[in-house]
Amino acid sequence: MKKLIALFSIVSFVTLSSFKPNPGYEVGDKAKEFKLKNVDGKMVSLSDFNEAKGFIVIFTCNHCPFSVAYEDRIISLHKKYEPKGFPVIAINPNDKSIEPEDSFEGMVKRAKEKNFPFPYLYDESQYYAKEYGAARTPHVFVLKKDAKDLKVEYIGAIDNNTQDESSVTKKYVEDAVDEILAGKKVTTNFTKAIGCTIKWKRS
Amino acid sequence: MPLSRYSEIFQNRFAFFESMVKKIRVLPIALLMLSCNTPVPKAEAVKFAYLQSLMNSDNDTTYVINFWATWCKPCVKELPELIKFENENKNEKVKLILVSLDFKRDMDSLLNKFISNKKISSTVVLLDEPDYDSWIDKISSEWGGAIPATLVLNNKKNLRKFHEGELNYEELNQLAFN
């Protein structure tokens with residue numbers, strides 16, 4: 001009887017703990033590799049980028065005014081840091097039935113309109129948005145290659161002024177990547193910003 | 001009575017009637033002008049100190065502080081529920097504060113236009129604090145930054161609850177009174 005109770009406890013503990021919702025990554029965690037469809041129809045994975053030292057992963061979308069306000073700055077980030085080994089990888093995690101503008105077709109259209117120089121990938125199953133812990137759009141995860149791993153070095157906002165680029169006083173992502181490139185520890189490794197909710201699929 | 005006398009009386013009364021009609025004609029115009037002078041609800045731009053003072057207040061009002069924006073569909077969708085909650089709980093001293101995160105440059109073109117069209121009489125403020133990271137955690141450390149989000153507080157009753165995401169009437173009722 002005691003053995004049965006012990007076995008039951010172990011089994012229930014293991015199964016119940018596996019049902020705990022994933023809160024997403026924290027700085028220092030190892031990030032999962034992904035393979036997602038790009039706006040040009042091709043599949044893109046982080047392992048395609050042999051020369052890269054890391055990645056500026058940005059969960060973003062087409063409809064959200066906060067994302068739109070950052071589009072030019074995201075383009076600038078890619079143009080500045082891709083040559084230094086840190087390309088931008090944009091990911092749209094939204095469910096198109098909740099927000100039709102965030103469909104794959106909408107992504108293709110926007111990428112063309114703005115001439116996005118970076119991959120703009122579709123996380124259709126929303127698996128990676130959940131895995132990473134995307135909380136809003138836009139939401140940045142700076143990853144650094146560490147042997148075979150991808151380490152999360154920064155999570156948060158792009159800078160400290162969505163509305164007015166000329167009033168920005170803290171460029172969080174730039175500072176983080178500059179520090180990584182200089183071999184230093186990232187000083188400000190976590191920030192928050194106001195953004196749009198992720199449009200999670202309704203079960 | 002001679003006919004001329006009747007005619008005189010008629011003319012006098014007609015003149016009186018005519019002058020009254022002239023005065024009455026002015027009335028609708030006067031009413032229209034009065035309604036134009038009635039203040040149209042408008043949002044006030046505030047700094048975080050405004051919210052901080054609400055969060056520090058020691059009166060027994062239950063504040064429902066809702067973070068929203070005119071372009072945020074789920075935010076706009078839940079507004080009628082929040083307003084209904086405030087209206088039905090006036091006796092319980094419930095006050096709704098709609099804190100808009102619209103961009104300051106859109107204050108008139110988006111926010112005030114929205115308030116006017118929807119005839120919103122609840123308190124609406126535009127939070128003019130673009131450095132979001134400096135205040136989000138002061139509302140709640142659980143807040144990831146997405147809107148809509150609602151803080152329900154009543155310091156006298158030691159009530160402070162935060163909810164990220166949409167709220168309906170029943171959920172808000174639970175937060176405020178349970």
# chains A, B, ... in the order shown; residues from 1 in each chain; ligands from 1
>>> interface_residues(of="chain B", to="chain A", cutoff="6 Å", atoms="only C-alpha atoms", output="JSON, numbers by chain")
{"B": [130, 131, 132, 133, 144, 145, 146, 147]}
>>> residues_around(residues="Leu159 (chain B)", least_positions_apart="5", cutoff="10 Å", atoms="only C-alpha atoms", output="PyMOL selection string")
chain B and resi 62-63+152-154+175-178
>>> atom_distance(atom1="CA of Glu101 (chain A)", atom2="CA of Phe67 (chain B)")
23.2 Å
>>> residues_around(residues="Phe85 (chain B)", least_positions_apart="2", cutoff="10 Å", atoms="only C-alpha atoms", output="ChimeraX atom specification")
/B:64,79-83,87-90,94-96,168-170,172-173
>>> write_last_selection(atoms="C-alpha atoms", output="PDB file, in the first residue's frame")
ATOM      1  CA  VAL B  64     -10.694  51.296 -11.222  1.00  0.00           C
ATOM      2  CA  LEU B  79     -15.047  50.055 -22.177  1.00  0.00           C
ATOM      3  CA  PRO B  80     -18.859  49.702 -22.007  1.00  0.00           C
ATOM      4  CA  GLU B  81     -18.449  46.998 -19.325  1.00  0.00           C
ATOM      5  CA  LEU B  82     -16.185  49.254 -17.229  1.00  0.00           C
ATOM      6  CA  ILE B  83     -18.491  52.256 -17.619  1.00  0.00           C
ATOM      7  CA  ASN B  87     -22.552  53.660 -13.194  1.00  0.00           C
ATOM      8  CA  GLU B  88     -24.098  50.769 -11.282  1.00  0.00           C
ATOM      9  CA  ASN B  89     -21.810  51.203  -8.296  1.00  0.00           C
ATOM     10  CA  LYS B  90     -21.954  54.931  -7.675  1.00  0.00           C
ATOM     11  CA  VAL B  94     -16.497  53.374  -7.361  1.00  0.00           C
ATOM     12  CA  LYS B  95     -14.582  55.710  -9.647  1.00  0.00           C
ATOM     13  CA  LEU B  96     -13.365  54.762 -13.091  1.00  0.00           C
ATOM     14  CA  ASN B 168     -15.881  41.890 -18.337  1.00  0.00           C
ATOM     15  CA  TYR B 169     -18.423  43.159 -15.812  1.00  0.00           C
ATOM     16  CA  GLU B 170     -18.431  39.967 -13.697  1.00  0.00           C
ATOM     17  CA  LEU B 172     -14.403  43.413 -12.509  1.00  0.00           C
ATOM     18  CA  ASN B 173     -17.075  42.812  -9.874  1.00  0.00           C
TER      19      ASN B 173
END
>>> select_by_dssp(residues="chain B", states="strand (DSSP E)", output="PyMOL selection string")
chain B and resi 44-46+62-68+94-100+123-127+146-147+149-154+159-164
>>> residues_around(residues="Phe114 (chain B)", least_positions_apart="4", cutoff="8 Å", atoms="only C-alpha atoms", output="list in words")
Thr70, Leu110 and Lys118 of chain B
>>> select_by_dssp(residues="region 76-143 of chain B", states="alpha helix (DSSP H)", output="JSON, numbers by chain")
{"B": [76, 77, 78, 79, 80, 81, 82, 83, 84, 85, 86, 87, 88, 113, 114, 115, 116, 117, 118, 136, 137, 138, 139]}
>>> residues_around(residues="Ser103 (chain A)", least_positions_apart="4", cutoff="9 Å", atoms="only C-alpha atoms", output="PDB file with C-alpha atoms, in the first residue's frame")
ATOM      1  CA  ASN A  62       1.814  44.701 -38.783  1.00  0.00           C
ATOM      2  CA  ASN A  92       5.041  37.866 -36.046  1.00  0.00           C
ATOM      3  CA  ASN A  94      -0.288  36.911 -33.855  1.00  0.00           C
ATOM      4  CA  ASP A  95      -3.386  34.924 -34.734  1.00  0.00           C
ATOM      5  CA  LYS A  96      -4.855  36.301 -37.957  1.00  0.00           C
ATOM      6  CA  SER A  97      -8.420  35.361 -37.001  1.00  0.00           C
ATOM      7  CA  GLU A  99      -6.241  40.441 -36.073  1.00  0.00           C
ATOM      8  CA  MET A 107       3.426  40.527 -43.439  1.00  0.00           C
ATOM      9  CA  VAL A 108       4.485  40.125 -47.072  1.00  0.00           C
ATOM     10  CA  TYR A 122       5.645  33.817 -39.161  1.00  0.00           C
TER      11      TYR A 122
END
>>> closest_residue(among="B:Glu129, B:Glu142, B:Glu86, B:Asp58", to="Lys161 (chain B)", atoms="only C-alpha atoms")
B:Glu142
>>> closest_residue(among="A:Ala52, A:Glu179, A:Tyr25, A:Ile158", to="Ala69 (chain A)", atoms="only C-alpha atoms")
A:Ile158
>>> closest_atom_pairs(of="region 86-118 of chain A", to="region 42-50 of chain A", cutoff="10 Å", atoms="only C-alpha atoms", output="Markdown table")
| residue | atom | partner | partner_atom | distance |
| --- | --- | --- | --- | --- |
| A:Phe86 | CA | A:Phe49 | CA | 9.9 |
| A:Pro87 | CA | A:Phe49 | CA | 9.0 |
| A:Ile89 | CA | A:Leu46 | CA | 8.7 |
